Amino acid sequence: MAVLAAGRFRLDLGRPLVMGVVNVTPDSFSDGGRFFDSKNAVSHAHRLIEEGADIIDVGGESSRPGALPVSVAEEIDRILPVLDGLKGVDKPVSVDTRRPEVMQAALRAGASMVNDIEALAAPGAIEAVAQSQCAVCLMHMKGEPATMQRQPHYDDVVAEVGSFLREKAQKALQAGIPRERIVVDPGFGFGKTAAHNFELLRRLKEFSSLGFPILAGWSRKSTLGKLTGRPADERLAASLAAALLALQGGATILRVHDVKETRDVIAVWQAYEGQAST
Ligand code: 7PJ
């Protein structure tokens, strides 16, 4: 049985998994301050778990197109209270970060997975993961969040993303991270046009030959906004359609904001595939 090893957890990859997104980006207009933000994040995570999330992904740095980086200290201050608040939950908590210092602090605070949008590129990031028992998601991004959507170009987006992921996975293996802790992700929306994103989605199956579980993140992304003309909070239907297409393309982990609805998509897909629903 294929499994993903993530700290003390072993996740069955024989069925699709849902990674629920919990953003901890402080709302400067709320007077509750930081405590209010982290309390909200913790209760949101509990809700996503009730709705059927298999993994909770906590992020303290916005990586949306055009976003500017926050300091390491700020990122740690945002996520640690949330990880503390989630200590008792029986689902793996992932931390969405690029910084080794944040990874180490998060792993000490009980995180079981590192979700790195730059695939462990920062000096010390590979070591931070290798020295732990956590799972890691290696994602492809072209450029930096602040500028990545300025006319991205590829000769063959699938070939380029595929060889990037193969190389990063090889590096991780060489650094001593076992195969069963590694996930790969083509990074929809990260330095890609809508056409690139749909080519990657249409040819997602080609990434199966890498031999790692595939994570797909389409939830509420701006490509869906461009397509439908809708703002982020009205992209649920488009996100669910993309989730189904990702499942069809062999994705085993769906990173989403809307867990309950994505679970229903998975139920339909499993019935269609003749699998028992989970
Ligand atoms: C992704 C992510 C994604 C992985 C974000 C957003 C932007 N991590 N973090 N894959 N997207 N692994 O949710 O719109 O697609 S942040």
# chains A, B, ... in the order shown; residues from 1 in each chain; ligands from 1
>>> residues_around(residues="Met103 of chain A", least_positions_apart="5", cutoff="9 Å", atoms="only C-alpha atoms", output="list of chain:residue names")
A:Val95, A:Asp96, A:Thr97, A:Arg98, A:Arg108, A:Ala111, A:Val114, A:Ala125, A:Ala128, A:Val129
>>> write_last_selection(atoms="N, CA, C and O atoms", output="compact mmCIF listing (two decimals), in the first residue's frame")
# COMPACT_ATOMS: atom_id res chain seq x y z
N VAL A 95 3.18 23.08 7.24
CA VAL A 95 3.46 24.51 7.28
C VAL A 95 3.94 24.96 5.90
O VAL A 95 4.82 24.35 5.30
N ASP A 96 3.26 25.97 5.39
CA ASP A 96 3.54 26.50 4.06
C ASP A 96 4.60 27.58 4.21
O ASP A 96 4.31 28.71 4.58
N THR A 97 5.87 27.21 3.98
CA THR A 97 6.96 28.18 4.18
C THR A 97 8.14 27.85 3.29
O THR A 97 8.31 26.72 2.83
N ARG A 98 8.99 28.88 3.07
CA ARG A 98 10.21 28.70 2.29
C ARG A 98 11.44 28.84 3.18
O ARG A 98 12.55 28.61 2.75
N ARG A 108 9.48 21.82 15.50
CA ARG A 108 9.58 21.73 16.97
C ARG A 108 8.21 21.89 17.60
O ARG A 108 7.91 21.31 18.64
N ALA A 111 4.56 20.41 13.79
CA ALA A 111 4.17 20.24 12.39
C ALA A 111 4.74 18.91 11.86
O ALA A 111 5.80 18.47 12.29
N VAL A 114 6.23 19.88 5.61
CA VAL A 114 6.66 21.18 5.11
C VAL A 114 6.15 21.30 3.68
O VAL A 114 6.39 20.42 2.86
N ALA A 125 17.34 24.48 3.95
CA ALA A 125 15.98 23.95 3.94
C ALA A 125 15.97 22.41 3.79
O ALA A 125 15.24 21.72 4.50
N ALA A 128 16.98 20.92 7.07
CA ALA A 128 15.92 21.04 8.09
C ALA A 128 14.91 19.91 7.94
O ALA A 128 14.48 19.30 8.92
N VAL A 129 14.55 19.60 6.69
CA VAL A 129 13.58 18.53 6.45
C VAL A 129 14.22 17.16 6.66
O VAL A 129 13.64 16.27 7.30
>>> residues_near_ligand(ligand="ligand 1", cutoff="6 Å", atoms="only C-alpha atoms and all ligand atoms", output="list in words")
Ser63, Arg64, Asn115, Ile117, Cys137, Met139, Asp185, Gly187, Phe188, Ala216, Gly217 and Lys221 of chain A
>>> closest_residue(among="A:Met148, A:Val102, A:Ala6, A:Leu215", to="Val18 of chain A", atoms="only C-alpha atoms")
A:Leu215
>>> atom_distance(atom1="atom CA of Lys142 of chain A", atom2="atom CA of Asp77 of chain A")
27.8 Å
>>> residues_around(residues="segment 238-248 of chain A", least_positions_apart="5", cutoff="7 Å", atoms="only C-alpha atoms", output="PyMOL selection string")
chain A and resi 201+216+218-220+224+254+262+265
>>> write_last_selection(atoms="N, CA and C atoms", output="short mmCIF file (atom, residue, chain, number, x, y, z; two decimals), in the first residue's frame")
data_model
loop_
_atom_site.label_atom_id
_atom_site.label_comp_id
_atom_site.auth_asym_id
_atom_site.auth_seq_id
_atom_site.Cartn_x
_atom_site.Cartn_y
_atom_site.Cartn_z
N LEU A 201 -2.55 20.92 -16.43
CA LEU A 201 -3.68 20.14 -15.93
C LEU A 201 -4.06 19.04 -16.92
N ALA A 216 -2.19 18.99 -6.08
CA ALA A 216 -2.67 20.02 -7.00
C ALA A 216 -3.41 21.10 -6.23
N TRP A 218 -5.67 24.28 -7.03
CA TRP A 218 -6.40 25.15 -7.96
C TRP A 218 -7.38 26.06 -7.24
N SER A 219 -7.57 25.79 -5.96
CA SER A 219 -8.63 26.43 -5.22
C SER A 219 -8.61 27.97 -5.30
N ARG A 220 -9.65 28.52 -5.85
CA ARG A 220 -9.87 29.98 -5.93
C ARG A 220 -8.79 30.75 -6.69
N LEU A 224 -8.78 30.94 -12.51
CA LEU A 224 -10.22 30.66 -12.49
C LEU A 224 -11.01 31.96 -12.49
N LEU A 254 -5.37 17.17 -2.86
CA LEU A 254 -5.97 18.42 -3.35
C LEU A 254 -5.84 19.47 -2.25
N THR A 262 -15.25 19.84 -1.64
CA THR A 262 -14.25 19.03 -2.36
C THR A 262 -14.42 17.56 -2.01
N VAL A 265 -16.94 16.17 -4.29
CA VAL A 265 -16.36 15.92 -5.62
C VAL A 265 -15.63 14.58 -5.60
#
>>> decode(residues="segment 168-189 of chain A", atoms="N, CA and C atoms", output="mmCIF file, in the first residue's frame")
data_model
loop_
_atom_site.group_PDB
_atom_site.id
_atom_site.type_symbol
_atom_site.label_atom_id
_atom_site.label_comp_id
_atom_site.auth_asym_id
_atom_site.auth_seq_id
_atom_site.Cartn_x
_atom_site.Cartn_y
_atom_site.Cartn_z
ATOM 1 N N LYS A 168 14.634 18.216 -8.182
ATOM 2 C CA LYS A 168 14.453 18.568 -6.766
ATOM 3 C C LYS A 168 14.196 17.318 -5.922
ATOM 4 N N ALA A 169 13.448 16.372 -6.481
ATOM 5 C CA ALA A 169 13.169 15.133 -5.747
ATOM 6 C C ALA A 169 14.462 14.329 -5.591
ATOM 7 N N GLN A 170 15.268 14.305 -6.644
ATOM 8 C CA GLN A 170 16.556 13.607 -6.606
ATOM 9 C C GLN A 170 17.450 14.195 -5.517
ATOM 10 N N LYS A 171 17.492 15.523 -5.463
ATOM 11 C CA LYS A 171 18.288 16.223 -4.439
ATOM 12 C C LYS A 171 17.812 15.860 -3.037
ATOM 13 N N ALA A 172 16.490 15.819 -2.886
ATOM 14 C CA ALA A 172 15.921 15.495 -1.573
ATOM 15 C C ALA A 172 16.296 14.069 -1.175
ATOM 16 N N LEU A 173 16.194 13.141 -2.128
ATOM 17 C CA LEU A 173 16.559 11.743 -1.851
ATOM 18 C C LEU A 173 18.037 11.652 -1.465
ATOM 19 N N GLN A 174 18.870 12.351 -2.222
ATOM 20 C CA GLN A 174 20.312 12.325 -1.950
ATOM 21 C C GLN A 174 20.640 12.898 -0.571
ATOM 22 N N ALA A 175 19.823 13.853 -0.122
ATOM 23 C CA ALA A 175 20.054 14.458 1.195
ATOM 24 C C ALA A 175 19.532 13.566 2.318
ATOM 25 N N GLY A 176 18.930 12.432 1.950
ATOM 26 C CA GLY A 176 18.503 11.479 2.965
ATOM 27 C C GLY A 176 17.024 11.548 3.315
ATOM 28 N N ILE A 177 16.238 12.255 2.516
ATOM 29 C CA ILE A 177 14.792 12.276 2.747
ATOM 30 C C ILE A 177 14.201 11.065 2.010
ATOM 31 N N PRO A 178 13.610 10.116 2.726
ATOM 32 C CA PRO A 178 13.114 8.919 2.050
ATOM 33 C C PRO A 178 11.959 9.213 1.093
ATOM 34 N N ARG A 179 11.880 8.396 0.079
ATOM 35 C CA ARG A 179 10.868 8.508 -0.971
ATOM 36 C C ARG A 179 9.447 8.658 -0.426
ATOM 37 N N GLU A 180 9.149 7.903 0.633
ATOM 38 C CA GLU A 180 7.761 7.916 1.129
ATOM 39 C C GLU A 180 7.393 9.196 1.891
ATOM 40 N N ARG A 181 8.342 10.127 1.990
ATOM 41 C CA ARG A 181 8.021 11.420 2.612
ATOM 42 C C ARG A 181 7.899 12.549 1.585
ATOM 43 N N ILE A 182 8.014 12.217 0.307
ATOM 44 C CA ILE A 182 8.079 13.271 -0.725
ATOM 45 C C ILE A 182 6.809 13.340 -1.591
ATOM 46 N N VAL A 183 6.341 14.562 -1.798
ATOM 47 C CA VAL A 183 5.192 14.864 -2.662
ATOM 48 C C VAL A 183 5.667 15.904 -3.674
ATOM 49 N N VAL A 184 5.153 15.857 -4.898
ATOM 50 C CA VAL A 184 5.507 16.890 -5.884
ATOM 51 C C VAL A 184 4.259 17.644 -6.352
ATOM 52 N N ASP A 185 4.476 18.856 -6.834
ATOM 53 C CA ASP A 185 3.360 19.751 -7.177
ATOM 54 C C ASP A 185 3.795 20.658 -8.332
ATOM 55 N N PRO A 186 3.070 20.658 -9.451
ATOM 56 C CA PRO A 186 3.463 21.520 -10.573
ATOM 57 C C PRO A 186 3.310 23.015 -10.292
ATOM 58 N N GLY A 187 2.653 23.381 -9.203
ATOM 59 C CA GLY A 187 2.583 24.787 -8.826
ATOM 60 C C GLY A 187 1.699 25.623 -9.740
ATOM 61 N N PHE A 188 0.433 25.247 -9.813
ATOM 62 C CA PHE A 188 -0.508 25.998 -10.664
ATOM 63 C C PHE A 188 -0.538 27.464 -10.217
ATOM 64 N N GLY A 189 -0.378 28.361 -11.188
ATOM 65 C CA GLY A 189 -0.465 29.798 -10.887
ATOM 66 C C GLY A 189 0.843 30.444 -10.462
#
